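So this block is run_12.pdb, PDB, C-alpha atoms and all ligand atoms:
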ATOM      1  CA  MET J  14      43.241  42.480  40.919
ATOM      2  CA  ASP J  15      44.398  43.819  37.511
ATOM      3  CA  LYS J  16      42.469  47.012  36.846
ATOM      4  CA  ASN J  17      42.730  46.466  33.043
ATOM      5  CA  LEU J  18      40.841  43.173  33.206
ATOM      6  CA  PRO J  19      37.036  43.505  33.080
ATOM      7  CA  ASP J  20      35.334  42.796  36.342
ATOM      8  CA  ALA J  21      33.696  39.291  36.187
ATOM      9  CA  SER J  22      30.478  40.386  37.893
ATOM     10  CA  ALA J  23      30.082  43.289  35.395
ATOM     11  CA  THR J  24      30.382  40.791  32.496
ATOM     12  CA  ASN J  25      27.776  38.556  34.094
ATOM     13  CA  ARG J  26      25.414  41.505  34.568
ATOM     14  CA  LYS J  27      25.785  42.429  30.884
ATOM     15  CA  LEU J  28      25.046  38.839  29.903
ATOM     16  CA  VAL J  29      21.906  38.777  32.043
ATOM     17  CA  VAL J  30      20.721  42.092  30.602
ATOM     18  CA  TRP J  31      21.301  40.878  27.029
ATOM     19  CA  SER J  32      19.564  37.599  27.721
ATOM     20  CA  LEU J  33      16.572  39.369  29.229
ATOM     21  CA  GLY J  34      16.441  41.701  26.245
ATOM     22  CA  LEU J  35      16.531  38.750  23.871
ATOM     23  CA  LEU J  36      13.801  36.971  25.815
ATOM     24  CA  CYS J  37      11.638  40.091  25.617
ATOM     25  CA  ILE J  38      12.090  40.257  21.837
ATOM     26  CA  LEU J  39      11.251  36.547  21.492
ATOM     27  CA  GLN J  40       8.181  36.988  23.653
ATOM     28  CA  ALA J  41       6.985  39.911  21.567
ATOM     29  CA  ALA J  42       7.580  38.006  18.327
ATOM     30  CA  LEU J  43       5.638  35.018  19.659
ATOM     31  CA  ASN J  44       2.823  37.276  20.761
ATOM     32  CA  ILE J  45       2.535  38.947  17.382
ATOM     33  CA  SER J  46       2.662  35.713  15.410
ATOM     34  CA  LEU J  47       0.034  34.093  17.652
ATOM     35  CA  ARG J  48      -2.299  37.049  17.158
ATOM     36  CA  LEU J  49      -1.695  36.980  13.405
ATOM     37  CA  ALA J  50      -2.428  33.255  13.285
ATOM     38  CA  LEU J  51      -5.600  33.695  15.305
ATOM     39  CA  TYR J  52      -7.050  36.495  13.221
ATOM     40  CA  SER J  53      -5.729  35.417   9.832
ATOM     41  CA  SER J  54      -8.285  34.673   7.099
ATOM     42  CA  ASP J  55      -8.131  30.877   7.408
ATOM     43  CA  ALA J  56      -8.928  30.905  11.111
ATOM     44  CA  PRO J  57     -12.573  29.879  11.664
ATOM     45  CA  ASP J  58     -15.090  32.675  11.695
ATOM     46  CA  CYS J  59     -16.950  32.037  14.958
ATOM     47  CA  ASP J  60     -20.153  33.691  13.746
ATOM     48  CA  ALA J  61     -20.211  31.541  10.630
ATOM     49  CA  VAL J  62     -19.590  28.384  12.667
ATOM     50  CA  ILE J  63     -22.500  29.258  14.962
ATOM     51  CA  ARG J  64     -24.733  30.051  11.975
ATOM     52  CA  ASN J  65     -23.910  26.667  10.387
ATOM     53  CA  LEU J  66     -24.525  24.750  13.598
ATOM     54  CA  THR J  67     -27.849  26.535  14.128
ATOM     55  CA  GLU J  68     -28.896  25.698  10.563
ATOM     56  CA  GLU J  69     -27.888  22.035  11.086
ATOM     57  CA  ARG J  70     -29.803  21.885  14.362
ATOM     58  CA  ASP J  71     -32.947  23.345  12.788
ATOM     59  CA  GLN J  72     -32.706  20.912   9.881
ATOM     60  CA  LEU J  73     -32.450  17.969  12.310
ATOM     61  CA  LYS J  74     -35.420  19.294  14.269
ATOM     62  CA  ARG J  75     -37.480  19.457  11.063
ATOM     63  CA  LYS J  76     -36.412  15.909  10.128
ATOM     64  CA  LEU J  77     -37.397  14.595  13.531
ATOM     65  CA  LYS J  78     -40.792  16.280  13.298
ATOM     66  CA  THR J  79     -41.428  14.738   9.853
ATOM     67  CA  PHE J  80     -40.249  11.338  11.128
ATOM     68  CA  ASP J  81     -42.583  11.488  14.153
ATOM     69  CA  HIS J  82     -45.494  12.595  11.979
ATOM     70  CA  TYR J  83     -45.175   9.795   9.395
ATOM     71  CA  THR J  84     -44.343   6.975  11.800
ATOM     72  CA  GLN J  85     -47.317   7.920  13.993
ATOM     73  CA  GLU J  86     -49.500   7.660  10.886
ATOM     74  CA  GLY J  87     -48.195   4.127  10.326
ATOM     75  CA  TRP J  88     -45.540   4.773   7.667
ATOM     76  CA  VAL J  89     -42.346   2.736   7.807
ATOM     77  CA  TYR J  90     -38.976   4.461   7.353
ATOM     78  CA  PHE J  91     -36.246   2.873   5.227
ATOM     79  CA  ARG J  92     -33.187   4.569   3.683
ATOM     80  CA  SER J  93     -34.497   8.145   3.332
ATOM     81  CA  SER J  94     -38.068   7.180   2.350
ATOM     82  CA  PHE J  95     -41.343   6.567   4.138
ATOM     83  CA  TYR J  96     -43.474   3.597   3.029
ATOM     84  CA  PHE J  97     -47.196   3.133   3.479
ATOM     85  CA  ILE J  98     -48.170  -0.555   3.431
ATOM     86  CA  SER J  99     -51.869  -0.839   2.595
ATOM     87  CA  SER J 100     -54.153  -3.074   4.610
ATOM     88  CA  ASP J 101     -56.862  -3.327   1.947
ATOM     89  CA  THR J 102     -56.805  -4.063  -1.768
ATOM     90  CA  LYS J 103     -57.508  -1.957  -4.849
ATOM     91  CA  SER J 104     -56.855  -1.913  -8.595
ATOM     92  CA  TRP J 105     -53.499  -0.501  -9.706
ATOM     93  CA  ALA J 106     -55.044   2.859 -10.717
ATOM     94  CA  ASP J 107     -57.032   3.215  -7.480
ATOM     95  CA  SER J 108     -53.958   2.252  -5.462
ATOM     96  CA  ARG J 109     -51.990   4.953  -7.231
ATOM     97  CA  ASP J 110     -54.759   7.498  -6.570
ATOM     98  CA  ASN J 111     -54.668   6.595  -2.917
ATOM     99  CA  CYS J 112     -50.906   7.278  -2.808
ATOM    100  CA  LEU J 113     -51.312  10.574  -4.674
ATOM    101  CA  GLN J 114     -53.938  11.643  -2.137
ATOM    102  CA  LYS J 115     -51.307  11.042   0.516
ATOM    103  CA  VAL J 116     -48.880  13.298  -1.411
ATOM    104  CA  ALA J 117     -46.847  10.193  -2.259
ATOM    105  CA  ASP J 118     -46.856   7.719  -5.165
ATOM    106  CA  LEU J 119     -46.696   3.985  -5.718
ATOM    107  CA  VAL J 120     -43.276   2.709  -4.715
ATOM    108  CA  ILE J 121     -40.371   3.121  -7.133
ATOM    109  CA  ILE J 122     -37.736   0.445  -6.547
ATOM    110  CA  ASN J 123     -34.202   1.667  -7.266
ATOM    111  CA  SER J 124     -32.030  -0.952  -5.629
ATOM    112  CA  LYS J 125     -31.763  -4.563  -4.536
ATOM    113  CA  GLU J 126     -31.867  -3.384  -0.910
ATOM    114  CA  GLU J 127     -35.144  -1.568  -1.485
ATOM    115  CA  ASN J 128     -36.584  -4.640  -3.248
ATOM    116  CA  GLU J 129     -35.474  -6.825  -0.324
ATOM    117  CA  PHE J 130     -37.076  -4.387   2.105
ATOM    118  CA  ILE J 131     -40.389  -4.815   0.265
ATOM    119  CA  ARG J 132     -39.991  -8.563  -0.309
ATOM    120  CA  GLN J 133     -39.712  -9.162   3.443
ATOM    121  CA  PHE J 134     -43.452  -8.450   3.772
ATOM    122  CA  ARG J 135     -44.135 -11.549   1.621
ATOM    123  CA  ARG J 136     -47.179  -9.963   0.011
ATOM    124  CA  LEU J 137     -48.520  -9.342  -3.482
ATOM    125  CA  PHE J 138     -48.220  -5.562  -3.789
ATOM    126  CA  TRP J 139     -48.802  -3.202  -6.653
ATOM    127  CA  ILE J 140     -45.602  -1.279  -7.335
ATOM    128  CA  GLY J 141     -45.230   1.920  -9.366
ATOM    129  CA  LEU J 142     -44.327   0.139 -12.590
ATOM    130  CA  THR J 143     -46.422   0.020 -15.802
ATOM    131  CA  ASP J 144     -46.177  -0.448 -19.562
ATOM    132  CA  LYS J 145     -49.675   0.843 -20.265
ATOM    133  CA  GLU J 146     -48.327   3.717 -22.424
ATOM    134  CA  LYS J 147     -46.436   1.423 -24.779
ATOM    135  CA  GLU J 148     -46.470  -2.362 -24.612
ATOM    136  CA  GLY J 149     -43.109  -3.692 -23.471
ATOM    137  CA  ILE J 150     -41.740  -0.298 -22.374
ATOM    138  CA  TRP J 151     -41.785  -0.418 -18.587
ATOM    139  CA  LYS J 152     -41.790   2.916 -16.822
ATOM    140  CA  TRP J 153     -41.943   3.987 -13.214
ATOM    141  CA  VAL J 154     -44.704   6.347 -12.099
ATOM    142  CA  ASP J 155     -42.239   9.281 -12.130
ATOM    143  CA  GLY J 156     -41.750   8.722 -15.877
ATOM    144  CA  THR J 157     -38.290   7.106 -15.674
ATOM    145  CA  LEU J 158     -37.557   4.009 -17.711
ATOM    146  CA  LEU J 159     -36.995   0.772 -15.825
ATOM    147  CA  SER J 160     -33.253   0.182 -15.740
ATOM    148  CA  THR J 161     -32.042  -3.211 -16.890
ATOM    149  CA  THR J 162     -29.449  -3.280 -14.096
ATOM    150  CA  SER J 163     -32.048  -2.774 -11.385
ATOM    151  CA  SER J 164     -35.054  -4.874 -12.341
ATOM    152  CA  PHE J 165     -36.285  -7.935 -10.508
ATOM    153  CA  TRP J 166     -38.583  -9.761 -12.926
ATOM    154  CA  HIS J 167     -39.258 -13.363 -12.045
ATOM    155  CA  ARG J 168     -38.028 -15.966 -14.541
ATOM    156  CA  GLY J 169     -40.337 -15.841 -17.584
ATOM    157  CA  GLU J 170     -41.842 -12.452 -16.614
ATOM    158  CA  PRO J 171     -43.070 -10.054 -17.856
ATOM    159  CA  ASN J 172     -45.113 -12.354 -20.071
ATOM    160  CA  SER J 173     -48.541 -10.754 -20.701
ATOM    161  CA  TYR J 174     -49.763 -14.196 -19.754
ATOM    162  CA  PHE J 175     -51.114 -16.025 -22.817
ATOM    163  CA  SER J 176     -51.436 -12.693 -24.619
ATOM    164  CA  THR J 177     -53.740 -11.285 -21.966
ATOM    165  CA  ASP J 178     -52.916  -7.650 -21.338
ATOM    166  CA  GLU J 179     -50.779  -7.397 -18.210
ATOM    167  CA  ASP J 180     -49.629  -3.798 -17.897
ATOM    168  CA  CYS J 181     -49.008  -3.361 -14.171
ATOM    169  CA  GLY J 182     -46.097  -4.453 -11.981
ATOM    170  CA  GLU J 183     -46.490  -6.346  -8.740
ATOM    171  CA  THR J 184     -44.357  -8.237  -6.239
ATOM    172  CA  LYS J 185     -45.524 -11.849  -6.381
ATOM    173  CA  PHE J 186     -42.864 -14.574  -6.282
ATOM    174  CA  ASN J 187     -41.574 -13.532  -2.877
ATOM    175  CA  GLU J 188     -39.717 -16.752  -2.111
ATOM    176  CA  VAL J 189     -36.951 -15.576  -4.515
ATOM    177  CA  GLU J 190     -35.069 -12.294  -5.077
ATOM    178  CA  ASP J 191     -36.481 -11.895  -8.596
ATOM    179  CA  ASN J 192     -40.053 -11.544  -7.458
ATOM    180  CA  TRP J 193     -41.795  -9.217  -9.922
ATOM    181  CA  ASN J 194     -44.684 -10.128 -12.182
ATOM    182  CA  ASP J 195     -46.721  -8.218 -14.736
ATOM    183  CA  GLU J 196     -50.401  -8.507 -13.913
ATOM    184  CA  LYS J 197     -53.770  -7.267 -15.132
ATOM    185  CA  CYS J 198     -54.222  -3.764 -13.745
ATOM    186  CA  HIS J 199     -57.847  -4.189 -12.671
ATOM    187  CA  TRP J 200     -57.066  -6.937 -10.113
ATOM    188  CA  GLN J 201     -57.480  -5.848  -6.505
ATOM    189  CA  LYS J 202     -54.180  -6.054  -4.647
ATOM    190  CA  PHE J 203     -52.411  -4.577  -1.673
ATOM    191  CA  TRP J 204     -50.106  -1.710  -2.565
ATOM    192  CA  ILE J 205     -47.164   0.293  -1.225
ATOM    193  CA  CYS J 206     -46.820   4.062  -1.396
ATOM    194  CA  GLU J 207     -43.446   5.736  -1.095
ATOM    195  CA  LYS J 208     -42.719   9.250   0.022
ATOM    196  CA  MET J 209     -39.138  10.417  -0.205
ATOM    197  CA  GLU J 210     -37.764  12.311   2.767
ATOM    198  CA  ALA J 211     -37.614  16.009   1.881
TER     199      ALA J 211
HETATM  200  C1  LIG E 301     -50.734 -15.892 -13.260
HETATM  201  C2  LIG E 301     -50.575 -14.402 -13.447
HETATM  202  C3  LIG E 301     -49.569 -14.075 -14.525
HETATM  203  C4  LIG E 301     -48.293 -14.826 -14.290
HETATM  204  C5  LIG E 301     -48.559 -16.299 -14.145
HETATM  205  C6  LIG E 301     -47.277 -17.044 -13.829
HETATM  206  O1  LIG E 301     -51.389 -16.432 -14.383
HETATM  207  O2  LIG E 301     -50.159 -13.880 -12.227
HETATM  208  O3  LIG E 301     -49.285 -12.727 -14.586
HETATM  209  O4  LIG E 301     -47.390 -14.541 -15.326
HETATM  210  O5  LIG E 301     -49.488 -16.520 -13.108
HETATM  211  O6  LIG E 301     -47.514 -18.407 -13.794
HETATM  212 CA    CA E 302     -47.237 -12.029 -15.800
END
Spit out the file's structure as structure tokens when you get a sec.
Ligand code: MAN
Ligand code: CA
Amino acid sequence: MDKNLPDASATNRKLVVWSLGLLCILQAALNISLRLALYSSDAPDCDAVIRNLTEERDQLKRKLKTFDHYTQEGWVYFRSSFYFISSDTKSWADSRDNCLQKVADLVIINSKEENEFIRQFRRLFWIGLTDKEKEGIWKWVDGTLLSTTSSFWHRGEPNSYFSTDEDCGETKFNEVEDNWNDEKCHWQKFWICEKMEA
């Protein structure tokens, strides 16, 4: 063998050593970047995640407790509110008082779905709508004006029937979607209280 030529096995050994060295460097780089990624600011903070989950769990527990309480007392749940459907009749003002005593108020109807929910009972109910402050200006019991886009007056209503004073809203014509009527407030009717979920 020519002594001036490098020994093949020595070359191979060098190659292996270099490759191992390179692998080590790659491994170290990978290690460092993984650690950086894991502890960088946008990685989730485990304590915060646990705190949030605990808060969510407690909130759900509270909701469930409220739900159990109201449903056991006979309230019906629909879309984030509890509804109390009366089984006796009172004037509009006495109905409202009864709701206030229950830390609720006469129902405020904000959508077609809510009106349909109430219409399904097919009853004449007082609702939280009145124009007793100013004739023709219909307001909900929370002081908000009745919106023209979400009102369900029956055809020809409100009419203050033959100029008799009809200042209180009721559900009456339940065979159709537009079922509201203005009625004399002293009449005794069933009523619905609404309590919004906290
Ligand atoms: C009754 C009352 C009125 C209503 C008319 C409709 O007289 O309920 O409020 O407008 O019926 O015919
Ligand atoms: Ca009327």
**Asked** In Å to one decimal, how far is CA of Ile140 (chain J) from CA of Phe186 (chain J)?
**Response** 13.6 Å
**Asked** Which residues fall under the PyMOL selection byres (((chain J and resi 130-137) around 12) and not hetatm) in this file, as a VMD selection string?
**Response** chain J and resid 89 to 92 94 to 103 105 120 to 129 138 to 140 165 182 to 196 200 to 207
**Request:** Rank nothing, just name the residue among J:Leu33, J:Cys181, J:Leu142, J:Ile45 nearest to Ser104 (chain J), using all atoms listed in the file.
**Result:** J:Cys181
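Using only C-alpha atoms for every distance, the candidate list J:Asp144, J:Ser46, J:Val154, J:Ser93 yields J:Val154 as the residue closest to Cys112 (chain J).
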Can you sort out the box for region 169-172 of chain J, edges along x, y and z, all listed atoms in, 8 Å on every side, with centre and edge lengths in Å to one decimal, as JSON?
{"center_x": -42.7, "center_y": -12.9, "center_z": -18.3, "size_x": 20.8, "size_y": 21.8, "size_z": 19.5}
**Computed interatomic separation between CA of Asp178 (chain J) and CA of Arg109 (chain J) (Å)** =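 A separation of 18.9 Å between them.
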**Request:** Check the smallest atom-to-atom distance from each of J:Trp166, J:Cys59, J:Ser32, J:Lys208 to Asp118 (chain J) using only C-alpha atoms, then report the winner.
**Result:**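 Of J:Trp166, J:Cys59, J:Ser32, J:Lys208, the one nearest Asp118 (chain J) is J:Lys208, counting only C-alpha atoms.
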**CA of Asn172 (chain J) to CA of Gly149 (chain J), straight-line distance in Å** =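 Result for CA of Gly149 (chain J) versus CA of Asn172 (chain J): 9.5 Å, one decimal.
Shortest atom-to-atom contact with ligand CA 302 (chain E) among J:Thr79, J:Gln85, J:Ser173, J:Ser53: J:Ser173, counting all atoms listed in the file.
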**Message:** With all atoms listed in the file as the counted atoms, please give the residues lying no more than 12 Å from Lys78 (chain J), apart from itself and same-chain residues fewer than 6 positions off, as JSON, numbers by chain.
**Reply:** {"J": [71, 72, 84, 85, 210, 211]}
Emit a file covering region 196-211 of chain J of the preceding structure with all heavy atoms, as a short mmCIF file (atom, residue, chain, number, x, y, z; two decimals), in the first residue's frame.
data_model
loop_
_atom_site.label_atom_id
_atom_site.label_comp_id
_atom_site.auth_asym_id
_atom_site.auth_seq_id
_atom_site.Cartn_x
_atom_site.Cartn_y
_atom_site.Cartn_z
N GLU J 196 -106.19 46.05 26.74
CA GLU J 196 -107.38 45.68 27.53
C GLU J 196 -107.46 46.58 28.76
O GLU J 196 -106.48 47.22 29.13
CB GLU J 196 -107.24 44.20 27.93
CG GLU J 196 -108.46 43.56 28.54
CD GLU J 196 -109.72 43.74 27.71
OE1 GLU J 196 -110.37 44.81 27.85
OE2 GLU J 196 -110.05 42.82 26.95
N LYS J 197 -108.64 46.62 29.35
CA LYS J 197 -108.83 47.44 30.56
C LYS J 197 -108.05 46.80 31.71
O LYS J 197 -108.20 45.60 31.98
CB LYS J 197 -110.32 47.53 30.91
CG LYS J 197 -111.07 48.38 29.91
CD LYS J 197 -112.57 48.28 30.12
CE LYS J 197 -113.31 48.79 28.90
NZ LYS J 197 -113.10 47.93 27.70
N CYS J 198 -107.26 47.63 32.39
CA CYS J 198 -106.28 47.09 33.35
C CYS J 198 -106.91 46.44 34.58
O CYS J 198 -106.25 45.67 35.27
CB CYS J 198 -105.34 48.20 33.80
SG CYS J 198 -104.46 48.97 32.44
N HIS J 199 -108.19 46.78 34.86
CA HIS J 199 -108.76 46.22 36.10
C HIS J 199 -109.30 44.79 35.90
O HIS J 199 -109.60 44.13 36.89
CB HIS J 199 -109.87 47.13 36.64
CG HIS J 199 -111.08 47.19 35.75
ND1 HIS J 199 -111.23 48.18 34.80
CD2 HIS J 199 -112.16 46.38 35.64
CE1 HIS J 199 -112.37 47.99 34.15
NE2 HIS J 199 -112.96 46.88 34.65
N TRP J 200 -109.42 44.33 34.64
CA TRP J 200 -109.90 42.96 34.42
C TRP J 200 -108.96 41.95 35.10
O TRP J 200 -107.76 42.17 35.16
CB TRP J 200 -109.98 42.61 32.93
CG TRP J 200 -111.11 43.24 32.16
CD1 TRP J 200 -110.98 43.91 30.97
CD2 TRP J 200 -112.52 43.26 32.48
NE1 TRP J 200 -112.21 44.36 30.54
CE2 TRP J 200 -113.17 43.97 31.45
CE3 TRP J 200 -113.27 42.76 33.56
CZ2 TRP J 200 -114.55 44.18 31.45
CZ3 TRP J 200 -114.66 42.97 33.55
CH2 TRP J 200 -115.27 43.67 32.51
N GLN J 201 -109.56 40.88 35.58
CA GLN J 201 -108.77 39.82 36.23
C GLN J 201 -108.32 38.84 35.14
O GLN J 201 -109.17 38.31 34.42
CB GLN J 201 -109.64 39.06 37.23
CG GLN J 201 -110.37 39.95 38.23
CD GLN J 201 -109.64 40.08 39.53
OE1 GLN J 201 -109.23 39.09 40.11
NE2 GLN J 201 -109.44 41.30 39.98
N LYS J 202 -107.03 38.67 35.04
CA LYS J 202 -106.49 37.74 34.03
C LYS J 202 -105.32 36.96 34.60
O LYS J 202 -104.73 37.36 35.60
CB LYS J 202 -106.02 38.53 32.80
CG LYS J 202 -107.18 39.08 32.00
CD LYS J 202 -106.75 39.88 30.81
CE LYS J 202 -107.95 40.59 30.18
NZ LYS J 202 -108.91 39.67 29.55
N PHE J 203 -105.00 35.86 33.92
CA PHE J 203 -103.77 35.16 34.27
C PHE J 203 -102.61 36.07 33.89
O PHE J 203 -102.79 37.05 33.15
CB PHE J 203 -103.68 33.83 33.50
CG PHE J 203 -104.75 32.84 33.90
CD1 PHE J 203 -105.88 32.66 33.11
CD2 PHE J 203 -104.62 32.10 35.07
CE1 PHE J 203 -106.87 31.76 33.49
CE2 PHE J 203 -105.60 31.20 35.45
CZ PHE J 203 -106.73 31.03 34.66
N TRP J 204 -101.44 35.77 34.37
CA TRP J 204 -100.28 36.62 34.05
C TRP J 204 -99.02 35.78 33.98
O TRP J 204 -99.00 34.63 34.46
CB TRP J 204 -100.14 37.74 35.09
CG TRP J 204 -99.66 37.30 36.44
CD1 TRP J 204 -98.37 37.27 36.89
CD2 TRP J 204 -100.46 36.81 37.54
NE1 TRP J 204 -98.31 36.80 38.18
CE2 TRP J 204 -99.58 36.52 38.60
CE3 TRP J 204 -101.83 36.59 37.72
CZ2 TRP J 204 -100.02 36.01 39.83
CZ3 TRP J 204 -102.27 36.08 38.95
CH2 TRP J 204 -101.37 35.80 39.98
N ILE J 205 -97.98 36.35 33.41
CA ILE J 205 -96.67 35.66 33.34
C ILE J 205 -95.59 36.60 33.88
O ILE J 205 -95.49 37.75 33.46
CB ILE J 205 -96.29 35.27 31.90
CG1 ILE J 205 -97.32 34.30 31.31
CG2 ILE J 205 -94.91 34.64 31.84
CD1 ILE J 205 -96.88 33.62 30.04
N CYS J 206 -94.83 36.07 34.85
CA CYS J 206 -93.66 36.83 35.33
C CYS J 206 -92.43 36.29 34.61
O CYS J 206 -92.37 35.10 34.27
CB CYS J 206 -93.42 36.60 36.82
SG CYS J 206 -94.83 36.88 37.90
N GLU J 207 -91.46 37.16 34.44
CA GLU J 207 -90.19 36.74 33.85
C GLU J 207 -89.05 37.16 34.76
O GLU J 207 -89.04 38.29 35.26
CB GLU J 207 -90.00 37.38 32.48
CG GLU J 207 -88.66 37.03 31.84
CD GLU J 207 -88.41 37.73 30.50
OE1 GLU J 207 -89.19 38.62 30.11
OE2 GLU J 207 -87.41 37.37 29.85
N LYS J 208 -88.14 36.23 34.96
CA LYS J 208 -86.92 36.57 35.70
C LYS J 208 -85.73 36.17 34.82
O LYS J 208 -85.62 35.00 34.45
CB LYS J 208 -86.88 35.81 37.01
CG LYS J 208 -85.74 36.27 37.86
CD LYS J 208 -85.76 35.61 39.21
CE LYS J 208 -84.53 35.99 40.00
NZ LYS J 208 -84.42 37.42 40.29
N MET J 209 -84.91 37.15 34.48
CA MET J 209 -83.77 36.84 33.63
C MET J 209 -82.70 36.10 34.44
O MET J 209 -82.48 36.44 35.59
CB MET J 209 -83.20 38.10 33.02
CG MET J 209 -83.89 38.45 31.72
SD MET J 209 -83.04 39.74 30.89
CE MET J 209 -83.73 41.15 31.70
N GLU J 210 -82.08 35.16 33.79
CA GLU J 210 -80.99 34.40 34.42
C GLU J 210 -79.87 35.39 34.75
O GLU J 210 -79.57 36.24 33.93
CB GLU J 210 -80.49 33.38 33.42
CG GLU J 210 -79.63 32.30 33.98
CD GLU J 210 -79.26 31.32 32.88
OE1 GLU J 210 -79.22 31.74 31.70
OE2 GLU J 210 -79.01 30.18 33.18
N ALA J 211 -79.31 35.26 35.95
CA ALA J 211 -78.27 36.25 36.35
C ALA J 211 -77.07 36.21 35.43
O ALA J 211 -76.78 35.21 34.84
CB ALA J 211 -77.83 35.96 37.77
#
